>>> print(open('entry_8.tsv').read())   # TSV, C-alpha atoms
chain	number	residue	atom	x	y	z
A	1	MET	CA	0.71	-4.72	9.43
A	2	VAL	CA	4.36	-5.06	8.45
A	3	ALA	CA	4.56	-1.30	8.02
A	4	ALA	CA	3.09	-0.72	11.48
A	5	GLY	CA	5.17	-3.45	13.08
A	6	LEU	CA	8.40	-1.83	11.91
A	7	LEU	CA	7.49	1.32	13.83
A	8	THR	CA	7.94	-0.47	17.16
A	9	ALA	CA	10.10	-3.47	16.18
A	10	LEU	CA	13.34	-1.61	16.83
A	11	ILE	CA	12.47	-1.02	20.50
A	12	GLY	CA	13.32	-4.56	21.54
A	13	PRO	CA	16.10	-7.06	20.82
A	14	LEU	CA	16.09	-6.25	17.11
A	15	GLY	CA	17.36	-2.74	17.79
A	16	SER	CA	20.00	-4.03	20.20
A	17	ALA	CA	21.23	-6.58	17.66
A	18	ILE	CA	21.52	-3.92	14.93
A	19	LYS	CA	23.36	-1.58	17.28
A	20	HIS	CA	25.83	-4.30	18.23
A	21	ASP	CA	26.43	-5.57	14.69
A	22	LEU	CA	26.81	-2.15	13.06
A	23	GLY	CA	28.71	-0.62	15.98
A	24	LEU	CA	26.17	2.11	16.74
A	25	ASN	CA	25.45	3.89	19.99
A	26	THR	CA	21.91	4.89	20.99
A	27	ALA	CA	22.11	8.33	19.35
A	28	ALA	CA	23.49	6.97	16.09
A	29	MET	CA	20.87	4.22	16.10
A	30	THR	CA	18.12	6.80	16.47
A	31	VAL	CA	19.48	9.05	13.72
A	32	THR	CA	20.34	6.39	11.15
A	33	VAL	CA	17.73	3.67	11.71
A	34	VAL	CA	14.72	4.79	13.75
A	35	ALA	CA	14.18	8.43	12.73
A	36	PRO	CA	14.45	7.92	8.93
A	37	TYR	CA	11.79	5.21	8.98
A	38	VAL	CA	9.40	7.03	11.31
A	39	MET	CA	9.69	10.38	9.51
A	40	ALA	CA	9.27	8.87	6.04
A	41	THR	CA	6.31	6.78	7.17
A	42	VAL	CA	4.46	9.63	8.85
A	43	ALA	CA	5.10	11.96	5.90
A	44	LEU	CA	3.52	9.59	3.35
A	45	VAL	CA	0.36	8.45	5.19
A	46	ALA	CA	-1.74	11.44	4.08
A	47	PRO	CA	-0.59	11.37	0.43
A	48	GLY	CA	-1.13	7.61	0.41
A	49	TYR	CA	-4.66	8.13	1.70
A	50	LEU	CA	-5.49	10.73	-0.94
A	51	LEU	CA	-4.02	8.67	-3.77
A	52	GLY	CA	-5.63	5.50	-2.44
A	53	ARG	CA	-9.09	7.03	-2.63
A	54	GLN	CA	-8.75	7.55	-6.37
A	55	TRP	CA	-6.18	5.02	-7.56
A	56	PRO	CA	-5.60	2.33	-4.88
A	57	THR	CA	-3.77	-0.13	-7.13
A	58	ALA	CA	-1.68	2.54	-8.83
A	59	ALA	CA	-0.61	3.85	-5.41
A	60	GLY	CA	-0.32	0.51	-3.63
A	61	VAL	CA	1.86	-1.33	-6.15
A	62	PRO	CA	4.74	1.22	-6.18
A	63	ALA	CA	4.49	1.50	-2.38
A	64	LEU	CA	4.86	-2.26	-1.97
A	65	MET	CA	7.78	-2.20	-4.40
A	66	LEU	CA	9.44	0.42	-2.20
A	67	LEU	CA	8.84	-1.83	0.82
A	68	VAL	CA	10.53	-4.74	-0.95
A	69	VAL	CA	13.51	-2.71	-2.18
A	70	GLY	CA	14.01	-0.90	1.13
A	71	SER	CA	13.80	-4.13	3.12
A	72	VAL	CA	16.38	-5.79	0.86
A	73	VAL	CA	18.73	-2.82	1.26
A	74	SER	CA	18.24	-2.85	5.04
A	75	ALA	CA	18.75	-6.61	5.28
A	76	PHE	CA	22.11	-6.50	3.52
A	77	ALA	CA	23.33	-3.08	4.70
A	78	PRO	CA	27.00	-3.33	5.73
A	79	GLY	CA	26.95	-0.06	7.65
A	80	ALA	CA	24.88	2.75	9.08
A	81	ALA	CA	24.77	4.89	5.92
A	82	LEU	CA	23.19	2.25	3.71
A	83	MET	CA	20.91	1.21	6.55
A	84	ALA	CA	19.62	4.79	6.75
A	85	VAL	CA	18.91	4.78	2.99
A	86	GLY	CA	17.08	1.48	3.28
A	87	GLN	CA	14.99	2.73	6.17
A	88	VAL	CA	13.96	5.85	4.27
A	89	VAL	CA	12.88	3.76	1.28
A	90	VAL	CA	11.00	1.32	3.52
A	91	GLY	CA	9.34	4.23	5.32
A	92	LEU	CA	8.16	5.84	2.10
A	93	GLY	CA	6.55	2.58	1.05
A	94	ALA	CA	5.13	1.86	4.50
A	95	GLY	CA	3.50	5.28	4.87
A	96	THR	CA	1.88	5.02	1.47
A	97	VAL	CA	0.64	1.49	2.15
A	98	ILE	CA	-0.92	2.53	5.46
A	99	GLY	CA	-2.62	5.48	3.74
A	100	VAL	CA	-3.98	3.27	0.95
A	101	ALA	CA	-5.28	0.74	3.50
A	102	LEU	CA	-7.09	3.51	5.38
A	103	ALA	CA	-8.56	4.81	2.12
A	104	LEU	CA	-9.79	1.37	1.09
A	105	SER	CA	-11.39	0.78	4.49
A	106	SER	CA	-13.41	3.97	4.05
A	107	GLN	CA	-14.89	2.88	0.70
A	108	LEU	CA	-16.74	-0.26	1.77
A	109	GLY	CA	-20.20	1.24	2.16
A	110	ARG	CA	-22.11	-0.33	5.04
A	111	TRP	CA	-19.04	-2.41	5.96
A	112	ARG	CA	-16.95	0.72	6.49
A	113	SER	CA	-17.16	0.84	10.27
A	114	ARG	CA	-16.38	-2.87	10.63
A	115	ALA	CA	-13.46	-2.62	8.23
A	116	ARG	CA	-12.02	0.32	10.13
A	117	LEU	CA	-12.45	-1.54	13.42
A	118	VAL	CA	-10.67	-4.64	12.08
A	119	LEU	CA	-7.91	-2.52	10.57
A	120	GLY	CA	-7.47	-0.55	13.79
A	121	VAL	CA	-7.30	-3.70	15.92
A	122	ALA	CA	-4.83	-5.31	13.51
A	123	LEU	CA	-2.58	-2.26	13.45
A	124	GLY	CA	-2.74	-1.88	17.23
A	125	ALA	CA	-1.91	-5.54	17.80
A	126	THR	CA	0.98	-5.30	15.35
A	127	LEU	CA	2.38	-2.25	17.12
A	128	LEU	CA	2.30	-4.14	20.42
A	129	LEU	CA	3.61	-7.44	19.08
A	130	GLY	CA	6.22	-5.94	16.75
A	131	PRO	CA	9.04	-5.85	19.33
A	132	VAL	CA	8.22	-9.37	20.57
A	133	ALA	CA	7.96	-11.07	17.18
A	134	SER	CA	10.94	-9.27	15.65
A	135	GLY	CA	13.00	-9.89	18.80
A	136	MET	CA	12.31	-13.62	18.75
A	137	LEU	CA	13.16	-13.81	15.05
A	138	ALA	CA	16.31	-11.74	15.50
A	139	GLN	CA	17.53	-13.94	18.37
A	140	ALA	CA	16.78	-17.15	16.47
A	141	LEU	CA	17.97	-16.27	12.95
A	142	GLY	CA	19.75	-12.92	13.23
A	143	TRP	CA	18.44	-9.39	12.78
A	144	ARG	CA	18.76	-9.44	9.00
A	145	SER	CA	16.16	-12.20	8.82
A	146	VAL	CA	13.52	-9.77	10.11
A	147	PHE	CA	13.90	-7.61	7.02
A	148	LEU	CA	13.95	-10.68	4.78
A	149	VAL	CA	10.60	-11.74	6.24
A	150	ASP	CA	9.34	-8.25	5.44
A	151	VAL	CA	10.52	-8.77	1.85
A	152	LEU	CA	8.55	-12.02	1.64
A	153	VAL	CA	5.35	-10.55	3.07
A	154	ALA	CA	5.55	-7.42	0.92
A	155	ALA	CA	6.25	-9.52	-2.19
A	156	VAL	CA	3.14	-11.65	-1.54
A	157	ALA	CA	1.07	-8.48	-1.03
A	158	LEU	CA	2.55	-7.01	-4.21
A	159	ALA	CA	1.58	-10.09	-6.21
A	160	GLY	CA	-1.94	-9.90	-4.79
A	161	ALA	CA	-2.25	-6.20	-5.62
A	162	ILE	CA	-1.08	-6.75	-9.19
A	163	ALA	CA	-3.43	-9.71	-9.64
A	164	SER	CA	-6.42	-7.76	-8.29
A	165	GLY	CA	-5.56	-4.79	-10.48
A	166	ILE	CA	-5.43	-7.00	-13.58
A	167	ALA	CA	-8.73	-8.64	-12.61
A	168	MET	CA	-10.41	-5.25	-12.18
A	169	TRP	CA	-9.05	-4.07	-15.53
A	170	VAL	CA	-10.30	-7.21	-17.30
A	171	ALA	CA	-13.73	-6.86	-15.66
A	172	ARG	CA	-14.03	-3.27	-16.81
A	173	ALA	CA	-12.87	-4.11	-20.33
A	174	SER	CA	-15.35	-6.97	-20.67
A	175	ARG	CA	-18.39	-4.88	-19.75
A	176	PRO	CA	-20.61	-4.19	-22.78
A	177	SER	CA	-20.54	-0.58	-23.80
A	178	PRO	CA	-23.89	1.23	-23.68
A	179	GLN	CA	-25.67	1.48	-27.01
A	180	ALA	CA	-25.45	4.83	-28.66
A	181	ALA	CA	-28.67	6.77	-29.03
A	182	PRO	CA	-29.92	7.05	-32.61
A	183	ALA	CA	-28.81	10.16	-34.35
A	184	THR	CA	-31.46	12.78	-34.88
A	185	THR	CA	-31.51	14.96	-37.94
A	186	THR	CA	-33.59	17.92	-38.86
A	187	LEU	CA	-35.82	17.26	-41.84
A	188	LEU	CA	-36.13	19.73	-44.66
A	189	PRO	CA	-39.59	20.81	-45.78
A	190	GLY	CA	-41.22	18.04	-47.81
A	191	GLU	CA	-38.96	15.22	-46.48
A	192	THR	CA	-40.26	12.28	-44.48
A	193	ARG	CA	-38.45	9.86	-42.16
A	194	LEU	CA	-37.82	6.48	-43.73
A	195	ASP	CA	-38.10	4.61	-40.39
A	196	ARG	CA	-41.68	5.78	-39.82
A	197	PRO	CA	-44.67	4.79	-41.92
A	198	THR	CA	-46.10	7.69	-43.83
A	199	ARG	CA	-49.74	8.22	-44.58
>>> encode(input="entry_8.tsv", output="structure tokens")
Amino acid sequence: MVAAGLLTALIGPLGSAIKHDLGLNTAAMTVTVVAPYVMATVALVAPGYLLGRQWPTAAGVPALMLLVVGSVVSAFAPGAALMAVGQVVVGLGAGTVIGVALALSSQLGRWRSRARLVLGVALGATLLLGPVASGMLAQALGWRSVFLVDVLVAAVALAGAIASGIAMWVARASRPSPQAAPATTTLLPGETRLDRPTR
């Protein structure tokens, strides 16, 4: 939801506050803040989906780490150049996270359609509410606080992903291994098996 919200958050007051603080015009804002995030996000959705189908935790944890790092860089960026770097890093993480979420929603068996519906509604609502929520936060606490909130949310999600990955690993390790089938050997003429009674 954070990843989707950032796609539209810059449309409202958040974008205006960043433009004013960093001294950017509309073109520079588009090139250094909006375009890097959108392009990186869109580029990583499909790879995130493919990786998420096979290794959801292994793909999700690094993606969330990228979200955290990119949001920190964006929050404390002193100028347009570092802001662009932060937005690329955030976008790479966001695209992968969205792809992993889509992959996970498709692996829930009979709950698949409901999960996709809930995910679609949540993402749609976030896209619509992103400018409003980020604008209110930017006006109340400054635009940098929006990215710091993203850091907090992504860090909580990262902790949850790591915890679930550890739990899955422990569950797999604690399963009893199947018993090996008894070895069969070919008897030589005149030999008898010791485990069978002979007449």
>>> atom_distance(input="entry_8.tsv", atom1="atom CA of Ser74 of chain A", atom2="atom CA of Phe147 of chain A")
6.7 Å
>>> residues_around(input="entry_8.tsv", residues="Ser16 of chain A", least_positions_apart="4", cutoff="12 Å", atoms="all atoms listed in the file", output="PyMOL selection string")
chain A and resi 9-12+20-26+29-30+33+131+134-135+138-139+142-143
>>> atom_distance(input="entry_8.tsv", atom1="atom CA of Gly86 of chain A", atom2="atom CA of Val34 of chain A")
11.2 Å
>>> closest_atom_pairs(input="entry_8.tsv", of="segment 100-185 of chain A", to="segment 47-51 of chain A", cutoff="9 Å", atoms="only C-alpha atoms", output="JSON lines")
{"residue": "A:Val100", "atom": "CA", "partner": "A:Tyr49", "partner_atom": "CA", "distance": 5.0}
{"residue": "A:Ala101", "atom": "CA", "partner": "A:Tyr49", "partner_atom": "CA", "distance": 7.6}
{"residue": "A:Leu102", "atom": "CA", "partner": "A:Tyr49", "partner_atom": "CA", "distance": 6.4}
{"residue": "A:Ala103", "atom": "CA", "partner": "A:Tyr49", "partner_atom": "CA", "distance": 5.1}
{"residue": "A:Leu104", "atom": "CA", "partner": "A:Tyr49", "partner_atom": "CA", "distance": 8.5}
>>> atom_distance(input="entry_8.tsv", atom1="atom CA of Val170 of chain A", atom2="atom CA of Ala59 of chain A")
18.9 Å
>>> residues_around(input="entry_8.tsv", residues="Ala58 of chain A", least_positions_apart="6", cutoff="10 Å", atoms="only C-alpha atoms", output="CSV table (one decimal) with C-alpha atoms, keeping the file's coordinate frame")
chain,number,residue,atom,x,y,z
A,51,LEU,CA,-4.0,8.7,-3.8
A,52,GLY,CA,-5.6,5.5,-2.4
A,161,ALA,CA,-2.2,-6.2,-5.6
A,162,ILE,CA,-1.1,-6.8,-9.2
A,165,GLY,CA,-5.6,-4.8,-10.5
>>> closest_residue(input="entry_8.tsv", among="A:Leu7, A:Pro13, A:Met168, A:Leu64", to="Ala133 of chain A", atoms="only C-alpha atoms")
A:Pro13
>>> axis_aligned_box(input="entry_8.tsv", around="segment 34-51 of chain A", padding_each_side="3 Å", output="lines of an AutoDock Vina configuration file")
center_x = 4.6
center_y = 8.4
center_z = 5.0
size_x = 26.2
size_y = 13.2
size_z = 23.5
>>> closest_residue(input="entry_8.tsv", among="A:Leu6, A:Leu137, A:Met1, A:Ala28", to="Ala81 of chain A", atoms="all atoms listed in the file")
A:Ala28
>>> closest_residue(input="entry_8.tsv", among="A:Gly15, A:Gly160, A:Gly130, A:Pro36", to="Thr57 of chain A", atoms="only C-alpha atoms")
A:Gly160
>>> closest_residue(input="entry_8.tsv", among="A:Val88, A:Ala77, A:Leu152, A:Val68", to="Leu44 of chain A", atoms="all atoms listed in the file")
A:Val88
>>> residues_around(input="entry_8.tsv", residues="segment 37-43 of chain A", least_positions_apart="5", cutoff="6 Å", atoms="all atoms listed in the file", output="list in words")
Gln87, Val88, Gly91, Leu92, Ala94 and Gly95 of chain A
>>> write_last_selection(input="entry_8.tsv", atoms="C-alpha atoms", output="short mmCIF file (atom, residue, chain, number, x, y, z; two decimals), in the coordinates of the input")
data_model
loop_
_atom_site.label_atom_id
_atom_site.label_comp_id
_atom_site.auth_asym_id
_atom_site.auth_seq_id
_atom_site.Cartn_x
_atom_site.Cartn_y
_atom_site.Cartn_z
CA GLN A 87 14.99 2.73 6.17
CA VAL A 88 13.96 5.85 4.27
CA GLY A 91 9.34 4.23 5.32
CA LEU A 92 8.16 5.84 2.10
CA ALA A 94 5.13 1.86 4.50
CA GLY A 95 3.50 5.28 4.87
#
>>> closest_residue(input="entry_8.tsv", among="A:Gly60, A:Ser164, A:Leu148, A:Lys19", to="Gly93 of chain A", atoms="all atoms listed in the file")
A:Gly60
>>> closest_residue(input="entry_8.tsv", among="A:Leu158, A:Val153, A:Leu119, A:Val85", to="Val61 of chain A", atoms="all atoms listed in the file")
A:Leu158
>>> residues_around(input="entry_8.tsv", residues="Leu117 of chain A", least_positions_apart="5", cutoff="12 Å", atoms="all atoms listed in the file", output="PDB file with C-alpha atoms, in the coordinates of the input")
ATOM      1  CA  LEU A 102      -7.090   3.510   5.380  1.00  0.00           C
ATOM      2  CA  SER A 105     -11.390   0.780   4.490  1.00  0.00           C
ATOM      3  CA  SER A 106     -13.410   3.970   4.050  1.00  0.00           C
ATOM      4  CA  TRP A 111     -19.040  -2.410   5.960  1.00  0.00           C
ATOM      5  CA  ARG A 112     -16.950   0.720   6.490  1.00  0.00           C
ATOM      6  CA  ALA A 122      -4.830  -5.310  13.510  1.00  0.00           C
ATOM      7  CA  LEU A 123      -2.580  -2.260  13.450  1.00  0.00           C
ATOM      8  CA  GLY A 124      -2.740  -1.880  17.230  1.00  0.00           C
TER       9      GLY A 124
END
